[in-house]
Structure formats: structure tokens, C-alpha cells
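Content type PDB, C-alpha atoms, from the file model.pdb:
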MODEL        1
ATOM      1  CA  MET T 277       0.000   0.000   0.000
ATOM      2  CA  SER T 278       2.965   2.353   0.441
ATOM      3  CA  ILE T 279       3.488   2.376  -3.355
ATOM      4  CA  MET T 280      -0.109   3.499  -3.798
ATOM      5  CA  ARG T 281       0.328   6.331  -1.331
ATOM      6  CA  ALA T 282       3.591   7.370  -2.964
ATOM      7  CA  LEU T 283       1.943   7.499  -6.388
ATOM      8  CA  CYS T 284      -0.970   9.570  -5.097
ATOM      9  CA  TRP T 285       1.393  11.856  -3.228
ATOM     10  CA  GLN T 286       3.556  12.335  -6.323
ATOM     11  CA  PHE T 287       0.498  13.065  -8.437
ATOM     12  CA  GLU T 288      -0.830  15.716  -6.076
ATOM     13  CA  ARG T 289       2.608  17.257  -5.478
ATOM     14  CA  LYS T 290       3.821  17.760  -9.038
ATOM     15  CA  LEU T 291       2.587  20.414 -11.374
ATOM     16  CA  PRO T 292       1.225  19.239 -14.745
ATOM     17  CA  HIS T 293       4.086  20.790 -16.775
ATOM     18  CA  GLN T 294       6.667  19.117 -14.499
ATOM     19  CA  MET T 295       4.974  15.753 -14.976
ATOM     20  CA  ALA T 296       4.911  16.233 -18.757
ATOM     21  CA  ARG T 297       8.622  17.136 -18.791
ATOM     22  CA  MET T 298       9.470  14.091 -16.644
ATOM     23  CA  ALA T 299       7.429  11.845 -18.943
ATOM     24  CA  MET T 300       9.254  13.176 -22.007
ATOM     25  CA  VAL T 301      12.661  12.626 -20.380
ATOM     26  CA  ARG T 302      11.686   9.149 -19.275
ATOM     27  CA  ARG T 303      10.370   8.301 -22.739
ATOM     28  CA  ALA T 304      13.431   9.702 -24.463
ATOM     29  CA  THR T 305      15.866   7.700 -22.346
ATOM     30  CA  HIS T 306      13.993   4.438 -21.940
ATOM     31  CA  HIS T 307      14.527   1.671 -24.498
ATOM     32  CA  ASP T 308      11.645  -0.687 -23.798
ATOM     33  CA  GLY T 309       8.841   0.008 -26.280
ATOM     34  CA  THR T 310       6.118  -1.751 -24.332
ATOM     35  CA  ARG T 311       7.106   0.137 -21.203
ATOM     36  CA  LEU T 312       6.674   3.396 -23.100
ATOM     37  CA  MET T 313       3.196   2.365 -24.218
ATOM     38  CA  SER T 314       2.103   1.545 -20.677
ATOM     39  CA  GLY T 315       2.622   5.156 -19.571
ATOM     40  CA  ASP T 316       2.391   5.881 -15.850
ATOM     41  CA  ARG T 317       0.225   2.917 -14.969
ATOM     42  CA  GLU T 318       1.175   0.852 -11.934
ATOM     43  CA  ILE T 319       3.023  -2.416 -12.477
ATOM     44  CA  VAL T 320       1.256  -4.909 -10.218
ATOM     45  CA  GLY T 321       2.416  -8.324 -11.434
ATOM     46  CA  TYR T 322       4.481 -10.404 -13.808
ATOM     47  CA  GLY T 323       1.898 -10.674 -16.583
ATOM     48  CA  VAL T 324       2.348 -12.513 -19.885
ATOM     49  CA  ASN T 325       6.051 -13.384 -20.348
ATOM     50  CA  GLY T 326       7.038 -10.599 -17.970
ATOM     51  CA  SER T 327       5.937  -7.843 -20.363
ATOM     52  CA  PRO T 328       4.272  -4.773 -18.830
ATOM     53  CA  ILE T 329       1.143  -4.983 -20.983
ATOM     54  CA  TYR T 330      -2.564  -5.101 -20.191
ATOM     55  CA  VAL T 331      -4.668  -7.927 -21.604
ATOM     56  CA  ASP T 332      -8.027  -9.414 -20.589
ATOM     57  CA  CYS T 333      -7.453 -13.145 -20.852
ATOM     58  CA  VAL T 334      -8.662 -16.245 -19.015
ATOM     59  CA  GLU T 335      -5.202 -17.833 -19.150
ATOM     60  CA  PHE T 336      -3.636 -14.790 -17.419
ATOM     61  CA  PRO T 337      -6.346 -13.416 -15.102
ATOM     62  CA  PHE T 338      -4.115 -10.787 -13.485
ATOM     63  CA  PRO T 339      -2.467  -8.393 -15.964
ATOM     64  CA  ALA T 340       0.961  -6.912 -15.292
ATOM     65  CA  ILE T 341      -0.261  -3.311 -15.189
ATOM     66  CA  ARG T 342      -3.439  -1.574 -14.126
ATOM     67  CA  TYR T 343      -5.945  -0.615 -16.810
ATOM     68  CA  ARG T 344      -5.975   3.125 -16.030
ATOM     69  CA  GLU T 345      -3.478   5.657 -14.749
ATOM     70  CA  VAL T 346      -3.790   7.198 -11.281
ATOM     71  CA  THR T 347      -6.083  10.253 -11.043
ATOM     72  CA  PRO T 348      -6.803  12.590  -8.086
ATOM     73  CA  ASP T 349     -10.347  11.261  -7.538
ATOM     74  CA  LEU T 350      -8.999   7.710  -7.553
ATOM     75  CA  CYS T 351      -6.397   8.668  -4.921
ATOM     76  CA  ALA T 352      -9.200   9.754  -2.615
ATOM     77  CA  VAL T 353     -11.068   6.483  -3.121
ATOM     78  CA  ARG T 354      -7.850   4.498  -2.568
ATOM     79  CA  GLU T 355      -7.259   6.267   0.738
ATOM     80  CA  LYS T 356     -10.800   5.326   1.685
ATOM     81  CA  GLU T 357     -10.085   1.740   0.540
ATOM     82  CA  LEU T 358      -7.423   1.340   3.217
ATOM     83  CA  GLY T 359     -10.143   1.590   5.843
ATOM     84  CA  ASP T 360     -13.332  -0.427   6.159
ATOM     85  CA  TRP T 361     -14.705  -1.678   2.845
ATOM     86  CA  LYS T 362     -18.250  -1.413   4.171
ATOM     87  CA  ALA T 363     -17.805   2.359   4.146
ATOM     88  CA  LEU T 364     -17.268   2.300   0.367
ATOM     89  CA  SER T 365     -20.295   2.783  -1.838
ATOM     90  CA  LEU T 366     -21.043   0.475  -4.740
ATOM     91  CA  GLN T 367     -19.987   3.210  -7.176
ATOM     92  CA  GLU T 368     -16.593   3.546  -5.445
ATOM     93  CA  LYS T 369     -16.048  -0.220  -5.519
ATOM     94  CA  LYS T 370     -16.816  -0.208  -9.242
ATOM     95  CA  LEU T 371     -14.402   2.701  -9.737
ATOM     96  CA  LEU T 372     -11.652   0.725  -7.977
ATOM     97  CA  TYR T 373     -12.394  -2.350 -10.081
ATOM     98  CA  ARG T 374     -12.478  -0.402 -13.353
ATOM     99  CA  HIS T 375      -9.168   1.236 -12.440
ATOM    100  CA  SER T 376      -7.514  -2.184 -12.349
ATOM    101  CA  PHE T 377      -9.500  -4.070 -15.010
ATOM    102  CA  CYS T 378     -11.171  -3.145 -18.284
ATOM    103  CA  GLN T 379     -13.784  -5.899 -18.271
ATOM    104  CA  THR T 380     -15.220  -8.441 -15.887
ATOM    105  CA  TYR T 381     -14.873 -12.178 -16.552
ATOM    106  CA  ALA T 382     -18.445 -12.309 -17.809
ATOM    107  CA  GLU T 383     -17.817  -9.420 -20.211
ATOM    108  CA  PHE T 384     -14.645 -10.722 -21.852
ATOM    109  CA  GLN T 385     -15.865 -14.322 -21.993
ATOM    110  CA  HIS T 386     -19.191 -13.305 -23.504
ATOM    111  CA  PHE T 387     -19.846 -14.957 -26.850
ATOM    112  CA  THR T 388     -19.443 -12.244 -29.482
ATOM    113  CA  PRO T 389     -20.924 -12.336 -33.003
ATOM    114  CA  ASP T 390     -17.445 -12.301 -34.594
ATOM    115  CA  TRP T 391     -17.755 -16.023 -35.337
ATOM    116  CA  LYS T 392     -20.407 -15.215 -37.940
ATOM    117  CA  LEU T 393     -17.972 -13.104 -39.927
ATOM    118  CA  VAL T 394     -15.267 -15.770 -39.710
ATOM    119  CA  MET T 395     -17.646 -18.518 -40.811
ATOM    120  CA  GLY T 396     -19.012 -16.335 -43.625
ATOM    121  CA  VAL T 397     -15.551 -15.566 -44.976
ATOM    122  CA  GLY T 398     -14.620 -19.248 -44.674
ATOM    123  CA  PHE T 399     -17.710 -20.397 -46.584
ATOM    124  CA  TRP T 400     -17.172 -17.773 -49.288
ATOM    125  CA  SER T 401     -13.552 -18.904 -49.662
ATOM    126  CA  VAL T 402     -14.624 -22.541 -50.036
ATOM    127  CA  ALA T 403     -17.318 -21.572 -52.554
ATOM    128  CA  ILE T 404     -14.883 -19.534 -54.655
ATOM    129  CA  GLY T 405     -12.346 -22.381 -54.542
ATOM    130  CA  LEU T 406     -14.987 -24.885 -55.698
ATOM    131  CA  LEU T 407     -16.082 -22.586 -58.517
ATOM    132  CA  ILE T 408     -12.489 -22.210 -59.701
ATOM    133  CA  SER T 409     -11.930 -25.975 -59.639
ATOM    134  CA  VAL T 410     -15.175 -26.602 -61.575
ATOM    135  CA  TRP T 411     -14.144 -23.968 -64.115
ATOM    136  CA  TYR T 412     -10.725 -25.657 -64.433
ATOM    137  CA  ASN T 413     -12.371 -29.020 -65.083
ATOM    138  CA  PHE T 414     -14.679 -27.700 -67.792
ATOM    139  CA  LYS T 415     -12.647 -24.997 -69.512
ATOM    140  CA  LEU T 416      -8.973 -25.511 -68.825
ATOM    141  CA  TYR T 417      -8.332 -29.232 -68.807
ATOM    142  CA  ASP T 418      -8.515 -31.389 -71.935
ATOM    143  CA  PRO T 419     -10.952 -34.296 -72.008
ATOM    144  CA  VAL T 420      -9.797 -37.551 -70.443
ATOM    145  CA  PRO T 421      -7.816 -39.691 -72.945
ATOM    146  CA  GLU T 422      -9.473 -42.804 -74.370
ATOM    147  CA  THR T 423      -6.882 -44.995 -72.655
ATOM    148  CA  TYR T 424      -8.738 -44.336 -69.403
ATOM    149  CA  ALA T 425     -11.745 -46.312 -70.608
ATOM    150  CA  GLU T 426     -12.314 -49.548 -68.657
ATOM    151  CA  GLU T 427     -11.888 -51.935 -71.629
ATOM    152  CA  ARG T 428      -8.593 -50.267 -72.594
ATOM    153  CA  ARG T 429      -7.306 -50.572 -69.029
ATOM    154  CA  GLN T 430      -8.230 -54.269 -68.936
ATOM    155  CA  ALA T 431      -6.388 -54.816 -72.222
ATOM    156  CA  GLN T 432      -3.318 -53.038 -70.862
ATOM    157  CA  LEU T 433      -3.374 -55.219 -67.725
ATOM    158  CA  ARG T 434      -3.583 -58.401 -69.865
ATOM    159  CA  ARG T 435      -0.630 -57.191 -71.959
ATOM    160  CA  ILE T 436       1.468 -56.529 -68.812
ATOM    161  CA  ILE T 437       0.738 -60.044 -67.555
ATOM    162  CA  GLN T 438       1.442 -61.656 -70.962
ATOM    163  CA  LEU T 439       4.804 -59.913 -71.291
ATOM    164  CA  GLU T 440       5.640 -60.823 -67.659
ATOM    165  CA  MET T 441       6.718 -57.282 -66.919
ATOM    166  CA  ASN T 442       8.436 -56.840 -63.508
ATOM    167  CA  PRO T 443       7.947 -60.462 -62.395
ATOM    168  CA  ILE T 444       9.546 -60.055 -58.948
ATOM    169  CA  THR T 445       7.697 -57.141 -57.337
ATOM    170  CA  GLY T 446       5.240 -55.863 -59.962
ATOM    171  CA  LEU T 447       1.797 -56.955 -61.090
ATOM    172  CA  SER T 448       3.173 -60.085 -62.783
ATOM    173  CA  SER T 449       4.447 -61.358 -59.431
ATOM    174  CA  LYS T 450       0.858 -61.499 -58.167
ATOM    175  CA  TRP T 451      -0.401 -63.563 -61.142
ATOM    176  CA  CYS T 452      -0.290 -67.339 -61.205
ATOM    177  CA  TYR T 453       0.602 -68.397 -64.776
ATOM    178  CA  HIS T 454      -0.332 -72.088 -64.154
ATOM    179  CA  THR T 455      -3.942 -71.414 -63.098
ATOM    180  CA  ASN T 456      -4.348 -68.063 -64.899
ATOM    181  CA  LYS T 457      -5.695 -66.466 -61.699
ATOM    182  CA  TRP T 458      -4.517 -63.895 -59.179
ATOM    183  CA  LYS T 459      -2.491 -65.348 -56.318
TER     184      LYS T 459
ENDMDL
END

How does this structure look as C-alpha cells?
Amino acid sequence: MSIMRALCWQFERKLPHQMARMAMVRRATHHDGTRLMSGDREIVGYGVNGSPIYVDCVEFPFPAIRYREVTPDLCAVREKELGDWKALSLQEKKLLYRHSFCQTYAEFQHFTPDWKLVMGVGFWSVAIGLLISVWYNFKLYDPVPETYAEERRQAQLRRIIQLEMNPITGLSSKWCYHTNKWK
């Protein structure tokens, strides 16, 4: 709690132009890009991979930084928080919660309609792909050669067996020449 008091005390003590100058100096000398994006928000935990970023996620329920920066009205509510919580109104409890978190579990786990867009784009992609393949079959490819006809294929198989082509591991190895049947 001493960090909270120090932050509130610093906020009330410094003039706005001094805070802006300090922020510019800090941003100009600091090399961590994600730290610069977090601004003056409190770091309260390790977070995802130790990065000081805010994310609402079930896998990491406690983000590394608070959702909002410290304000004077929040400092007053935080001083009140140190006492009895029954003295806090519902609005003040919500203010404290919304300072730390953007959404509740129910809000960020709520089923959104984004799945409809994803499914729609997926179905359109499949439909376009099928249309292209049908167009290829009718317009681009030549007709199937006559050697693909069933009687031609049977004749080719008989010729392979008669010539005893590849007698060790091929089709001829599976033909019995004494009984004229497949082994």
C-alpha cells in the first residue's frame, strides 16, 4: 500500500508541466517500447512473459499493469479503501475495479458475433475455390484420354501379364501363370 500512497502523493505534489517534462525525459531515455506504451500505470504483477502490458485473458487473469493511470479522484477512493470496505459505496467499488480491469470475466468471456464473420468468410472462400476448380475441369483441362476407358485398361493389364513385366515385385508377381488367376 505504500506504493499506492507514494503514487498519489507524487500526483498531487507535481505540477502538470513538471509531470509532462518528466514523462518526455523518461520516454526519451527508456529503451523498452512496451514500457513506453504503458505510460504511468502501476506495475502490479508479472503478466504474460514478464511484459508490462494489459490484456483481458482467461489464461492470465491478473495483468501486469493496471488498466488506467492514477487520477486525483482515484487517490481519494484508494485512501478510503485502506479503511473499512463497508464504508465504500457500490460506485466507489466499481471505480476501484475499473481502475484495475477493463472488463469483468463475464464481459470478456461473452460470446461475441465475430464467429459469424469468420464462418461467412470461410464459406465464401470454399465456394470460390470450388467454382475455380469446376471452371478448371470444364474450360482448362482437356478431355480424359481414351486410354482411361475400362476396356482399354483391362487390355493393358492383360498385356502386362502376358509380357511378364516386372515379375519379382510388380503386377506379374501377383499372377499365377499355371492357373491363370490372381495369387

- Item | Cut-off 9 Å around (-4.9, -7.9, -16.4) with all atoms listed in the file: residues as a ChimeraX atom specification | /T:321,323,329-333,336-343,376-378

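The gap separating CA of Pro419 (chain T) from CA of Gly446 (chain T) is 29.5 Å, in Å to one decimal.
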
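Note that the spacing between CA of Ser449 (chain T) and CA of Leu433 (chain T) amounts to 12.9 Å.
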
- Task: Would you list the residues near (-10.2, -2.6, -6.2) (no more than 12 Å away, in the coordinates of the file, using all atoms listed in the file) as a PyMOL selection string?
- Result: chain T and resi 342-343+350-351+353-358+361+364+366-377

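With only C-alpha atoms as the atoms that count, the minimum distance from Arg434 (chain T) to the choices T:Lys362, T:Lys392, T:Lys457, T:Lys415 is reached by T:Lys457.
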
- Rank nothing, just name the residue among T:Ile437, T:Val324, T:Leu406, T:Val334 nearest to Ala382 (chain T), using only C-alpha atoms. T:Val334

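Of note, CA of Gln438 (chain T) and CA of Thr423 (chain T) are spaced 18.7 Å apart.
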
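Restricting the calculation to only C-alpha atoms, the smallest distance between Glu335 (chain T) and any of T:Asn456, T:Gln385, T:Ser401, T:Gln432 is found for T:Gln385.
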
- Go through T:Ala352, T:Met441, T:Val397, T:Val346 and flag the residue nearest Gly315 (chain T), using all atoms listed in the file for the distances.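 Among T:Ala352, T:Met441, T:Val397, T:Val346, it is T:Val346 that comes nearest to Gly315 (chain T).
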